[in-house]
>>> print(open('final_2.txt').read())   # compact mmCIF, C-alpha atoms and all ligand atoms
# COMPACT_ATOMS: atom_id res chain seq x y z
CA MET A 298 -88.61 6.59 -130.39
CA LYS A 299 -86.66 6.75 -127.15
CA LYS A 300 -86.77 10.19 -125.60
CA GLN A 301 -83.34 11.76 -125.37
CA LEU A 302 -82.21 11.88 -121.76
CA PHE A 303 -79.86 14.83 -122.09
CA VAL A 304 -79.01 17.67 -124.43
CA PRO A 305 -75.46 17.12 -125.74
CA ARG A 306 -72.97 19.97 -125.28
CA PRO A 307 -72.55 21.74 -128.63
CA GLU A 308 -68.76 21.92 -128.04
CA LEU A 309 -68.65 18.13 -128.29
CA SER A 310 -70.76 17.78 -131.41
CA ASN A 311 -67.83 17.68 -133.84
CA ILE A 312 -65.68 15.38 -131.79
CA GLY A 313 -65.49 11.85 -133.14
CA VAL A 314 -63.35 8.90 -132.08
CA THR A 315 -59.63 9.71 -132.32
CA ILE A 316 -57.93 8.46 -135.48
CA PHE A 317 -55.44 6.49 -133.36
CA THR A 318 -58.22 4.36 -131.90
CA VAL A 319 -59.92 3.98 -135.28
CA MET A 320 -56.78 2.80 -137.09
CA SER A 321 -55.44 0.53 -134.33
CA LYS A 322 -58.85 -1.16 -134.10
CA LEU A 323 -59.01 -1.65 -137.84
CA ALA A 324 -55.43 -2.99 -137.88
CA ALA A 325 -56.35 -5.55 -135.21
CA GLU A 326 -59.52 -6.58 -137.07
CA CYS A 327 -57.62 -7.04 -140.34
CA GLY A 328 -54.52 -8.64 -138.85
CA ALA A 329 -52.49 -5.79 -140.38
CA ILE A 330 -49.05 -4.75 -139.17
CA ASN A 331 -49.88 -1.71 -137.08
CA LEU A 332 -47.67 1.23 -138.06
CA SER A 333 -50.51 3.66 -137.32
CA GLN A 334 -50.82 4.63 -133.64
CA GLY A 335 -47.49 5.72 -132.16
CA PHE A 336 -46.22 3.19 -129.62
CA PRO A 337 -43.24 0.81 -129.45
CA ASP A 338 -43.84 -2.90 -130.02
CA PHE A 339 -40.69 -3.79 -128.08
CA GLN A 340 -40.06 -4.18 -124.38
CA ALA A 341 -38.87 -1.45 -122.05
CA ASP A 342 -35.87 -1.95 -119.74
CA PRO A 343 -36.85 -4.61 -117.14
CA ALA A 344 -34.89 -2.64 -114.52
CA LEU A 345 -37.86 -0.25 -114.55
CA PHE A 346 -40.30 -3.04 -113.71
CA ASP A 347 -38.02 -4.35 -110.94
CA ALA A 348 -37.87 -0.87 -109.48
CA VAL A 349 -41.67 -0.41 -109.51
CA HIS A 350 -42.08 -3.81 -107.85
CA ARG A 351 -39.43 -3.04 -105.25
CA HIS A 352 -41.12 0.25 -104.34
CA MET A 353 -44.50 -1.45 -104.11
CA LEU A 354 -43.12 -4.11 -101.77
CA ALA A 355 -41.46 -1.40 -99.71
CA GLY A 356 -44.90 0.07 -99.09
CA ARG A 357 -44.65 3.13 -101.32
CA ASN A 358 -48.26 2.72 -102.40
CA GLN A 359 -50.06 5.79 -101.09
CA TYR A 360 -50.73 9.18 -102.62
CA ALA A 361 -47.70 11.06 -103.86
CA PRO A 362 -47.63 14.81 -103.15
CA MET A 363 -49.92 16.68 -105.55
CA ALA A 364 -47.00 18.04 -107.63
CA GLY A 365 -45.25 14.67 -107.84
CA MET A 366 -42.65 12.70 -105.86
CA PRO A 367 -39.79 15.02 -104.84
CA GLU A 368 -37.21 12.49 -106.14
CA LEU A 369 -38.74 12.62 -109.60
CA ARG A 370 -39.19 16.39 -109.67
CA GLN A 371 -35.54 16.73 -108.65
CA ALA A 372 -34.43 14.41 -111.46
CA ILE A 373 -36.56 16.34 -113.98
CA ALA A 374 -35.17 19.71 -112.85
CA ASP A 375 -31.61 18.34 -113.06
CA LYS A 376 -32.16 16.94 -116.56
CA VAL A 377 -33.77 20.11 -117.89
CA GLU A 378 -30.93 22.21 -116.47
CA ALA A 379 -28.27 19.91 -117.91
CA LEU A 380 -29.86 19.98 -121.36
CA TYR A 381 -31.29 23.47 -121.69
CA GLY A 382 -29.43 25.52 -119.07
CA THR A 383 -32.47 26.67 -117.07
CA ARG A 384 -32.96 25.74 -113.43
CA PHE A 385 -36.62 25.22 -112.52
CA ASP A 386 -37.47 25.20 -108.84
CA VAL A 387 -38.29 21.68 -107.66
CA GLU A 388 -40.99 22.89 -105.27
CA SER A 389 -42.84 25.39 -107.40
CA GLU A 390 -41.92 24.94 -111.07
CA VAL A 391 -42.08 21.20 -111.83
CA THR A 392 -45.26 19.07 -111.82
CA VAL A 393 -45.64 15.37 -112.63
CA THR A 394 -48.71 14.58 -114.72
CA ALA A 395 -50.69 11.59 -115.97
CA GLY A 396 -48.97 11.73 -119.36
CA ALA A 397 -48.64 14.67 -121.72
CA THR A 398 -52.33 14.52 -122.68
CA GLN A 399 -53.44 15.45 -119.17
CA ALA A 400 -50.74 18.09 -118.93
CA ILE A 401 -51.96 19.70 -122.16
CA PHE A 402 -55.62 19.56 -121.17
CA THR A 403 -54.90 20.92 -117.70
CA ALA A 404 -52.78 23.78 -119.06
CA ILE A 405 -55.52 24.74 -121.49
CA ALA A 406 -58.20 24.57 -118.80
CA ALA A 407 -56.05 26.69 -116.47
CA PHE A 408 -55.48 29.54 -118.93
CA VAL A 409 -58.09 29.58 -121.67
CA ARG A 410 -61.31 31.41 -120.86
CA PRO A 411 -64.52 31.26 -122.88
CA GLY A 412 -64.08 33.42 -125.99
CA ASP A 413 -60.27 33.29 -125.88
CA GLU A 414 -58.36 32.35 -129.02
CA VAL A 415 -55.64 29.72 -129.13
CA ILE A 416 -53.27 29.52 -132.10
CA VAL A 417 -52.19 26.04 -133.19
CA PHE A 418 -50.15 24.83 -136.16
CA GLU A 419 -51.71 22.47 -138.67
CA PRO A 420 -51.30 19.58 -139.10
CA VAL A 421 -51.95 19.61 -135.37
CA TYR A 422 -51.79 16.82 -132.78
CA ASP A 423 -55.36 15.79 -132.31
CA SER A 424 -55.90 16.54 -128.62
CA TYR A 425 -55.23 20.29 -128.68
CA GLY A 426 -58.26 21.55 -130.58
CA PRO A 427 -60.92 19.58 -128.69
CA ALA A 428 -59.36 20.59 -125.36
CA VAL A 429 -59.56 24.27 -126.33
CA GLU A 430 -63.15 23.95 -127.49
CA MET A 431 -64.22 22.03 -124.40
CA VAL A 432 -63.30 25.00 -122.21
CA GLY A 433 -65.08 27.44 -124.52
CA GLY A 434 -62.04 28.72 -126.43
CA THR A 435 -61.69 29.19 -130.17
CA VAL A 436 -59.05 27.34 -132.16
CA VAL A 437 -57.17 29.53 -134.65
CA ARG A 438 -55.19 27.49 -137.16
CA SER A 439 -51.93 28.46 -138.80
CA ARG A 440 -50.87 26.12 -141.53
CA LEU A 441 -47.35 24.74 -141.69
CA ARG A 442 -45.93 25.07 -145.19
CA PHE A 443 -46.29 21.96 -147.33
CA PRO A 444 -44.24 19.82 -147.82
CA ASP A 445 -41.51 20.99 -145.43
CA TYR A 446 -43.96 21.76 -142.61
CA ALA A 447 -42.18 24.96 -141.53
CA PRO A 448 -44.12 27.68 -139.69
CA ASP A 449 -45.02 30.88 -141.53
CA TRP A 450 -44.37 33.41 -138.77
CA GLU A 451 -45.70 36.39 -140.74
CA ALA A 452 -49.00 34.56 -141.08
CA VAL A 453 -48.95 33.76 -137.37
CA ARG A 454 -48.40 37.40 -136.53
CA ARG A 455 -51.48 38.31 -138.55
CA LEU A 456 -53.56 35.81 -136.58
CA VAL A 457 -52.76 37.41 -133.22
CA THR A 458 -55.62 39.51 -131.84
CA ALA A 459 -56.53 41.01 -128.50
CA LYS A 460 -58.29 37.74 -127.77
CA THR A 461 -55.23 35.52 -128.32
CA ARG A 462 -54.60 33.84 -125.01
CA MET A 463 -52.28 30.98 -125.92
CA ILE A 464 -50.05 29.66 -128.70
CA ILE A 465 -49.37 25.92 -128.74
CA VAL A 466 -46.18 24.72 -130.40
CA ASN A 467 -44.94 21.16 -130.86
CA SER A 468 -41.35 20.28 -131.66
CA PRO A 469 -40.25 17.74 -132.76
CA HIS A 470 -43.55 17.76 -134.55
CA ASN A 471 -46.13 14.98 -134.68
CA PRO A 472 -47.05 14.08 -137.40
CA ALA A 473 -44.70 16.13 -139.59
CA GLY A 474 -41.33 15.10 -138.13
CA SER A 475 -40.13 18.71 -138.50
CA VAL A 476 -38.28 20.58 -135.74
CA LEU A 477 -38.24 24.22 -134.68
CA SER A 478 -34.92 26.05 -135.12
CA ALA A 479 -33.38 28.72 -132.91
CA ALA A 480 -34.58 31.26 -135.52
CA ASP A 481 -38.15 29.94 -135.14
CA LEU A 482 -37.96 30.53 -131.39
CA GLU A 483 -36.76 34.08 -132.00
CA ALA A 484 -39.65 34.69 -134.38
CA LEU A 485 -42.12 33.37 -131.83
CA ALA A 486 -40.54 35.47 -129.07
CA ALA A 487 -40.91 38.60 -131.23
CA ILE A 488 -44.60 37.84 -131.81
CA VAL A 489 -45.51 37.35 -128.14
CA ARG A 490 -43.31 40.16 -126.78
CA GLY A 491 -45.40 42.72 -124.94
CA THR A 492 -48.56 40.58 -125.02
CA GLY A 493 -50.24 38.47 -122.36
CA ILE A 494 -49.98 35.34 -124.49
CA VAL A 495 -49.06 32.12 -122.70
CA VAL A 496 -47.13 29.53 -124.72
CA LEU A 497 -47.69 25.81 -124.34
CA SER A 498 -44.81 23.81 -125.76
CA ASP A 499 -45.37 20.12 -126.41
CA GLU A 500 -41.88 18.61 -126.41
CA VAL A 501 -42.69 14.94 -125.85
CA TYR A 502 -40.18 13.94 -128.57
CA GLU A 503 -37.43 16.19 -127.15
CA HIS A 504 -34.89 13.34 -127.14
CA ILE A 505 -35.65 12.15 -130.66
CA VAL A 506 -33.91 14.60 -133.01
CA PHE A 507 -31.85 13.16 -135.87
CA ASP A 508 -28.78 13.81 -137.99
CA GLY A 509 -26.92 15.69 -135.28
CA GLY A 510 -29.69 18.28 -134.95
CA LYS A 511 -30.37 19.94 -131.62
CA HIS A 512 -33.69 20.15 -129.83
CA GLU A 513 -34.47 23.81 -129.21
CA SER A 514 -36.49 23.69 -126.02
CA LEU A 515 -38.55 26.73 -125.14
CA ALA A 516 -37.36 26.04 -121.59
CA GLY A 517 -33.91 27.16 -122.71
CA HIS A 518 -35.00 30.42 -124.33
CA PRO A 519 -34.41 33.34 -121.93
CA GLU A 520 -37.53 35.24 -122.99
CA LEU A 521 -39.94 32.48 -123.93
CA ARG A 522 -39.34 30.44 -120.77
CA GLU A 523 -40.90 33.26 -118.74
CA ARG A 524 -44.31 32.65 -120.37
CA THR A 525 -44.13 28.99 -121.38
CA LEU A 526 -45.24 25.68 -119.92
CA VAL A 527 -43.09 22.91 -121.41
CA VAL A 528 -44.63 19.44 -121.51
CA SER A 529 -42.82 16.13 -121.89
CA SER A 530 -43.70 12.45 -121.49
CA PHE A 531 -41.85 9.43 -120.12
CA GLY A 532 -43.92 7.27 -122.45
CA LYS A 533 -41.80 8.31 -125.43
CA THR A 534 -38.44 8.35 -123.67
CA TYR A 535 -38.55 5.00 -121.88
CA HIS A 536 -40.81 3.03 -124.25
CA ILE A 537 -43.71 2.94 -121.76
CA THR A 538 -46.59 4.77 -123.44
CA GLY A 539 -49.08 2.76 -121.36
CA TRP A 540 -47.76 4.10 -118.07
CA LYS A 541 -49.12 7.57 -118.85
CA ILE A 542 -46.64 9.63 -116.88
CA GLY A 543 -45.31 12.96 -118.03
CA TYR A 544 -44.41 16.33 -116.60
CA VAL A 545 -44.63 20.08 -116.98
CA VAL A 546 -42.00 22.70 -116.20
CA GLY A 547 -42.58 26.45 -116.22
CA PRO A 548 -42.27 29.65 -114.22
CA ARG A 549 -43.78 29.76 -110.76
CA ASP A 550 -46.74 32.04 -111.57
CA LEU A 551 -47.87 29.89 -114.50
CA MET A 552 -47.31 26.69 -112.56
CA ALA A 553 -49.40 27.95 -109.65
CA GLU A 554 -52.36 28.36 -112.04
CA PHE A 555 -51.65 24.99 -113.65
CA ARG A 556 -51.72 23.26 -110.27
CA LYS A 557 -55.08 24.82 -109.35
CA VAL A 558 -56.57 22.68 -112.10
CA HIS A 559 -54.20 19.72 -111.80
CA GLN A 560 -55.12 19.12 -108.15
CA PHE A 561 -58.78 18.65 -109.00
CA ASN A 562 -58.18 17.02 -112.35
CA VAL A 563 -55.98 14.07 -111.27
CA PHE A 564 -54.54 15.30 -107.95
CA THR A 565 -51.55 12.99 -108.25
CA VAL A 566 -49.93 10.21 -110.27
CA HIS A 567 -49.03 6.53 -109.56
CA THR A 568 -46.43 6.64 -106.75
CA PRO A 569 -44.22 3.55 -107.30
CA SER A 570 -43.85 4.33 -111.00
CA GLN A 571 -42.69 7.85 -110.19
CA LEU A 572 -40.05 6.46 -107.84
CA ALA A 573 -38.89 3.99 -110.48
CA LEU A 574 -38.64 6.74 -113.09
CA ALA A 575 -36.63 8.91 -110.70
CA GLU A 576 -34.08 6.08 -110.45
CA CYS A 577 -34.08 5.52 -114.19
CA MET A 578 -33.36 9.19 -114.83
CA GLN A 579 -30.09 8.99 -112.88
CA ASP A 580 -28.59 7.35 -115.96
CA ALA A 581 -28.51 10.15 -118.53
CA SER A 582 -27.24 7.80 -121.23
CA ARG A 583 -30.79 6.46 -121.55
CA HIS A 584 -32.25 9.67 -122.94
CA GLN A 585 -28.98 10.68 -124.56
CA GLY A 586 -28.95 7.47 -126.59
CA LEU A 587 -32.54 7.68 -127.78
CA ALA A 588 -31.92 9.72 -130.93
CA ALA A 589 -29.30 7.28 -132.24
CA PHE A 590 -31.57 4.35 -131.36
CA TYR A 591 -34.47 5.78 -133.35
CA GLN A 592 -32.31 7.13 -136.16
CA GLU A 593 -31.25 3.57 -136.86
CA LYS A 594 -34.90 2.54 -137.02
CA ARG A 595 -35.79 5.49 -139.23
CA ASP A 596 -33.01 4.67 -141.67
CA PHE A 597 -33.85 0.96 -141.64
CA PHE A 598 -37.51 1.73 -142.34
CA ARG A 599 -36.71 4.23 -145.11
CA ARG A 600 -34.54 1.58 -146.78
CA GLN A 601 -37.49 -0.81 -146.62
CA LEU A 602 -39.54 1.62 -148.67
CA VAL A 603 -36.97 1.98 -151.43
CA GLY A 604 -38.52 0.29 -154.44
CA THR A 605 -42.08 1.20 -153.43
CA PRO A 606 -43.89 4.10 -155.12
CA PHE A 607 -44.03 6.08 -151.85
CA GLU A 608 -42.25 9.41 -151.81
CA LEU A 609 -40.68 9.84 -148.39
CA LEU A 610 -40.71 13.29 -146.82
CA PRO A 611 -37.85 14.41 -144.55
CA CYS A 612 -37.97 13.16 -140.96
CA ARG A 613 -35.85 15.28 -138.62
CA GLY A 614 -37.33 14.04 -135.35
CA THR A 615 -40.08 11.95 -133.65
CA TYR A 616 -40.70 8.31 -134.54
CA PHE A 617 -42.97 9.07 -137.47
CA GLN A 618 -42.25 8.97 -141.19
CA LEU A 619 -44.51 10.80 -143.64
CA ALA A 620 -44.93 9.59 -147.20
CA ARG A 621 -46.79 10.89 -150.27
CA TYR A 622 -48.71 8.29 -152.17
CA ASP A 623 -49.77 10.18 -155.36
CA ALA A 624 -47.94 7.59 -157.44
CA ILE A 625 -50.04 4.77 -155.96
CA SER A 626 -53.61 6.00 -155.74
CA ASP A 627 -56.07 8.86 -156.23
CA LEU A 628 -58.02 7.91 -153.13
CA PRO A 629 -58.49 10.49 -150.37
CA ASP A 630 -56.05 9.70 -147.55
CA ARG A 631 -58.59 8.22 -145.11
CA GLN A 632 -59.75 5.78 -147.75
CA PHE A 633 -56.18 5.10 -148.79
CA ALA A 634 -55.21 4.34 -145.15
CA GLU A 635 -58.16 1.98 -144.87
CA TRP A 636 -57.22 0.29 -148.15
CA MET A 637 -53.61 -0.05 -147.01
CA THR A 638 -54.78 -1.68 -143.79
CA ARG A 639 -57.25 -4.08 -145.42
CA GLU A 640 -55.52 -4.92 -148.68
CA VAL A 641 -51.81 -4.35 -148.13
CA GLY A 642 -51.82 -5.37 -144.46
CA VAL A 643 -49.99 -2.31 -143.14
CA ALA A 644 -51.94 0.24 -141.07
CA VAL A 645 -51.05 3.94 -141.32
CA ILE A 646 -52.52 7.26 -140.19
CA PRO A 647 -54.09 9.63 -142.77
CA VAL A 648 -52.59 13.07 -142.18
CA SER A 649 -55.87 14.87 -143.02
CA ALA A 650 -56.98 13.80 -139.53
CA PHE A 651 -54.72 16.54 -138.18
CA TYR A 652 -56.45 19.36 -140.12
CA GLY A 653 -59.60 21.15 -138.99
CA ASP A 654 -61.00 21.26 -142.52
CA GLY A 655 -59.75 17.80 -143.50
CA ARG A 656 -57.14 19.19 -145.92
CA ASP A 657 -55.70 16.27 -147.80
CA ASP A 658 -52.21 16.43 -149.31
CA ARG A 659 -52.28 12.69 -150.04
CA VAL A 660 -49.84 11.95 -147.23
CA VAL A 661 -49.85 9.12 -144.69
CA ARG A 662 -47.89 8.65 -141.47
CA PHE A 663 -45.95 5.51 -140.57
CA CYS A 664 -44.72 4.84 -137.01
CA PHE A 665 -41.26 3.26 -136.99
CA ALA A 666 -41.03 2.69 -133.22
CA LYS A 667 -41.06 -1.01 -133.94
CA LYS A 668 -38.77 -4.04 -133.80
CA GLU A 669 -36.61 -4.47 -136.88
CA GLU A 670 -38.53 -7.63 -137.75
CA THR A 671 -41.83 -5.72 -137.70
CA LEU A 672 -40.43 -3.01 -139.97
CA ALA A 673 -38.92 -5.63 -142.29
CA ALA A 674 -42.23 -7.54 -142.50
CA ALA A 675 -44.08 -4.30 -143.30
CA GLY A 676 -41.45 -3.44 -145.92
CA GLU A 677 -41.87 -6.81 -147.57
CA ARG A 678 -45.63 -6.37 -147.83
CA LEU A 679 -45.27 -2.86 -149.19
CA ARG A 680 -42.73 -3.88 -151.81
CA GLN A 681 -44.66 -6.94 -152.89
CA ARG A 682 -48.20 -5.59 -152.85
CA LEU A 683 -47.81 -2.05 -154.17
N1 LIG B 701 -48.29 15.18 -127.71
C1 LIG B 701 -47.82 14.55 -128.80
C2 LIG B 701 -47.26 15.37 -129.92
C3 LIG B 701 -47.88 13.16 -128.88
O1 LIG B 701 -47.43 12.55 -129.96
C4 LIG B 701 -48.43 12.44 -127.80
C5 LIG B 701 -48.57 10.94 -127.80
N2 LIG B 701 -48.07 10.25 -128.78
C6 LIG B 701 -48.89 13.12 -126.70
C7 LIG B 701 -48.83 14.50 -126.69
C8 LIG B 701 -49.49 12.42 -125.54
O2 LIG B 701 -48.55 11.85 -124.69
P1 LIG B 701 -48.99 10.91 -123.48
O3 LIG B 701 -49.14 9.54 -124.02
O4 LIG B 701 -47.86 11.04 -122.50
O5 LIG B 701 -50.27 11.44 -122.95
N1 LIG B 702 -49.59 10.16 -129.81
C1 LIG B 702 -49.70 8.86 -130.40
C2 LIG B 702 -49.66 9.02 -131.92
O1 LIG B 702 -49.46 10.08 -132.41
C3 LIG B 702 -50.98 8.18 -130.03
C4 LIG B 702 -51.55 8.57 -128.72
C5 LIG B 702 -53.00 8.19 -128.66
O2 LIG B 702 -53.38 7.13 -129.13
N2 LIG B 702 -53.79 9.04 -128.11
O3 LIG B 702 -49.82 8.07 -132.63
>>> encode(input="final_2.txt", output="structure tokens")
Amino acid sequence: MKKQLFVPRPELSNIGVTIFTVMSKLAAECGAINLSQGFPDFQADPALFDAVHRHMLAGRNQYAPMAGMPELRQAIADKVEALYGTRFDVESEVTVTAGATQAIFTAIAAFVRPGDEVIVFEPVYDSYGPAVEMVGGTVVRSRLRFPDYAPDWEAVRRLVTAKTRMIIVNSPHNPAGSVLSAADLEALAAIVRGTGIVVLSDEVYEHIVFDGGKHESLAGHPELRERTLVVSSFGKTYHITGWKIGYVVGPRDLMAEFRKVHQFNVFTVHTPSQLALAECMQDASRHQGLAAFYQEKRDFFRRQLVGTPFELLPCRGTYFQLARYDAISDLPDRQFAEWMTREVGVAVIPVSAFYGDGRDDRVVRFCFAKKEETLAAAGERLRQRL
């Protein structure tokens, strides 16, 4: 037997391949319509590509400043102020990142010390837990109520200890499609008041809130914004998930710590793309129109599922639709998702992947960030084959 070259880190022993990679690969192998991993199958605005090209030809191809191009940081600060009423300082309180994933990892690495506890809400986006464990922290899980996926703040309060270093919230929520209300923010503020807890708020779907609802950004909350890093991602807003550009805003003292890690983690992000995004952001109608754009897709997709045995759960934001499948199968959700991909030809994400203990409510997640023809083709398969 080959002698093992290295001793694996115990923190990595439970980490498998992310469900998004697993399901997208299986979808490709089976020729299934891929409604699993969250990404648009339609083109972004070509004006963005022209702008990147123009900046490349103009020689803007060297390192951007560590915190990001000033033009882009300015546009981010302006947008956040216009939407949430808080002015973040362009020099010291806004940082451009290589997508939200890097922002989240970097924030966790900057604040979480070995032995610290980090409270997350399950079902939980799959990058948070491993990031906490990789830096020696402990993940403490608070379960969102099923099936409305609302936080139980009394339960959260009971989970807070002297070791709690961070609470990570995500609204609009992936995969649940639920959104935090102003009352939720008040409840969170009451829990962290007087503690040293830092809040990390993943708001990558900030512009995708439906039915006239309002996104309650922690950046707009007078108390919470003093202890919160808010993360967003251009991938979701401009249909460019492959560009991997996002940003963080937060108070100066938190951002200074964040940048200590950021500078040695990525240092800086693709310059011409940042310049193109700064131009794109000048037209606020792009992000302002996103909710209506996706609401139409949500409604179209939900209509496609009428006449199938799926029970659709509410979707108040994001581009994900959850559905219960009790009426179709007794299979555990991972097996059901695999069966759907192989036999029905529509790939989905099993929601148990977002629980530490694999809790299975027999729910799967569909991504509706797709062309109408893709959603219609998926609907046809689901109606005919289920
Ligand atoms: N957080 C959530 C809730 C997400 O859904 C995603 C990606 N879909 C990310 C973070 C990561 O964003 P990015 O692709 O910009 O790294
Ligand atoms: N966040 C996307 C989703 O929820 C996928 C991102 C990824 O593949 N890491 O589907």
>>> closest_residue(input="final_2.txt", among="A:Thr392, A:Thr458, A:Ser439, A:Asn467", to="Pro367 in chain A", atoms="all atoms listed in the file")
A:Thr392
>>> closest_residue(input="final_2.txt", among="A:Ala452, A:Ala588, A:Leu683, A:Ala666", to="ligand LIG 702 (chain B)", atoms="only C-alpha atoms and all ligand atoms")
A:Ala666
>>> residues_near_ligand(input="final_2.txt", ligand="ligand LIG 702 (chain B)", cutoff="6 Å", atoms="all atoms listed in the file", output="number ranges by chain")
A: 317, 334-335
>>> write_last_selection(input="final_2.txt", atoms="C-alpha atoms", output="CSV table (one decimal), in the coordinates of the input")
chain,number,residue,atom,x,y,z
A,317,PHE,CA,-55.4,6.5,-133.4
A,334,GLN,CA,-50.8,4.6,-133.6
A,335,GLY,CA,-47.5,5.7,-132.2
>>> closest_atom_pairs(input="final_2.txt", of="chain A", to="ligand LIG 701 (chain B)", cutoff="10 Å", atoms="only C-alpha atoms and all ligand atoms", output="CSV")
residue,atom,partner,partner_atom,distance
A:Phe317,CA,B:LIG701,N2,9.5
A:Gln334,CA,B:LIG701,N2,7.9
A:Gly335,CA,B:LIG701,N2,5.7
A:Phe336,CA,B:LIG701,N2,7.3
A:Thr394,CA,B:LIG701,O4,8.6
A:Ala395,CA,B:LIG701,O5,7.0
A:Gly396,CA,B:LIG701,O4,3.4
A:Ala397,CA,B:LIG701,O4,3.8
A:Thr398,CA,B:LIG701,O5,3.7
A:Gln399,CA,B:LIG701,O5,6.4
A:Ala400,CA,B:LIG701,O5,7.8
A:Ile401,CA,B:LIG701,C7,7.6
A:Phe402,CA,B:LIG701,O5,9.9
A:Val421,CA,B:LIG701,C2,8.3
A:Tyr422,CA,B:LIG701,C2,5.6
A:Asp423,CA,B:LIG701,C1,8.4
A:Ser424,CA,B:LIG701,C7,7.6
A:Tyr425,CA,B:LIG701,N1,8.7
A:Val466,CA,B:LIG701,C2,9.4
A:Asn467,CA,B:LIG701,C2,6.3
A:Ser468,CA,B:LIG701,C2,7.9
A:Pro469,CA,B:LIG701,C2,7.9
A:His470,CA,B:LIG701,C2,6.4
A:Asn471,CA,B:LIG701,C2,4.9
A:Pro472,CA,B:LIG701,C2,7.6
A:Ser498,CA,B:LIG701,N1,9.5
A:Asp499,CA,B:LIG701,N1,5.9
A:Glu500,CA,B:LIG701,C2,7.2
A:Val501,CA,B:LIG701,N1,5.9
A:Tyr502,CA,B:LIG701,C2,7.3
A:Val528,CA,B:LIG701,C7,8.3
A:Ser529,CA,B:LIG701,O4,7.2
A:Ser530,CA,B:LIG701,O4,4.5
A:Phe531,CA,B:LIG701,O4,6.7
A:Gly532,CA,B:LIG701,O4,5.5
A:Lys533,CA,B:LIG701,O4,7.3
A:Thr534,CA,B:LIG701,O4,9.9
A:Ile537,CA,B:LIG701,O3,8.8
A:Thr538,CA,B:LIG701,O3,5.4
A:Gly539,CA,B:LIG701,O3,7.3
A:Trp540,CA,B:LIG701,O3,8.2
A:Lys541,CA,B:LIG701,O4,5.2
A:Ile542,CA,B:LIG701,O4,5.9
A:Gly543,CA,B:LIG701,O4,5.5
A:Tyr544,CA,B:LIG701,O4,8.6
A:Thr615,CA,B:LIG701,O1,8.2
A:Tyr616,CA,B:LIG701,O1,9.2
A:Phe617,CA,B:LIG701,O1,9.4
>>> atom_distance(input="final_2.txt", atom1="CA of Thr568 in chain A", atom2="CA of Asp338 in chain A")
25.3 Å
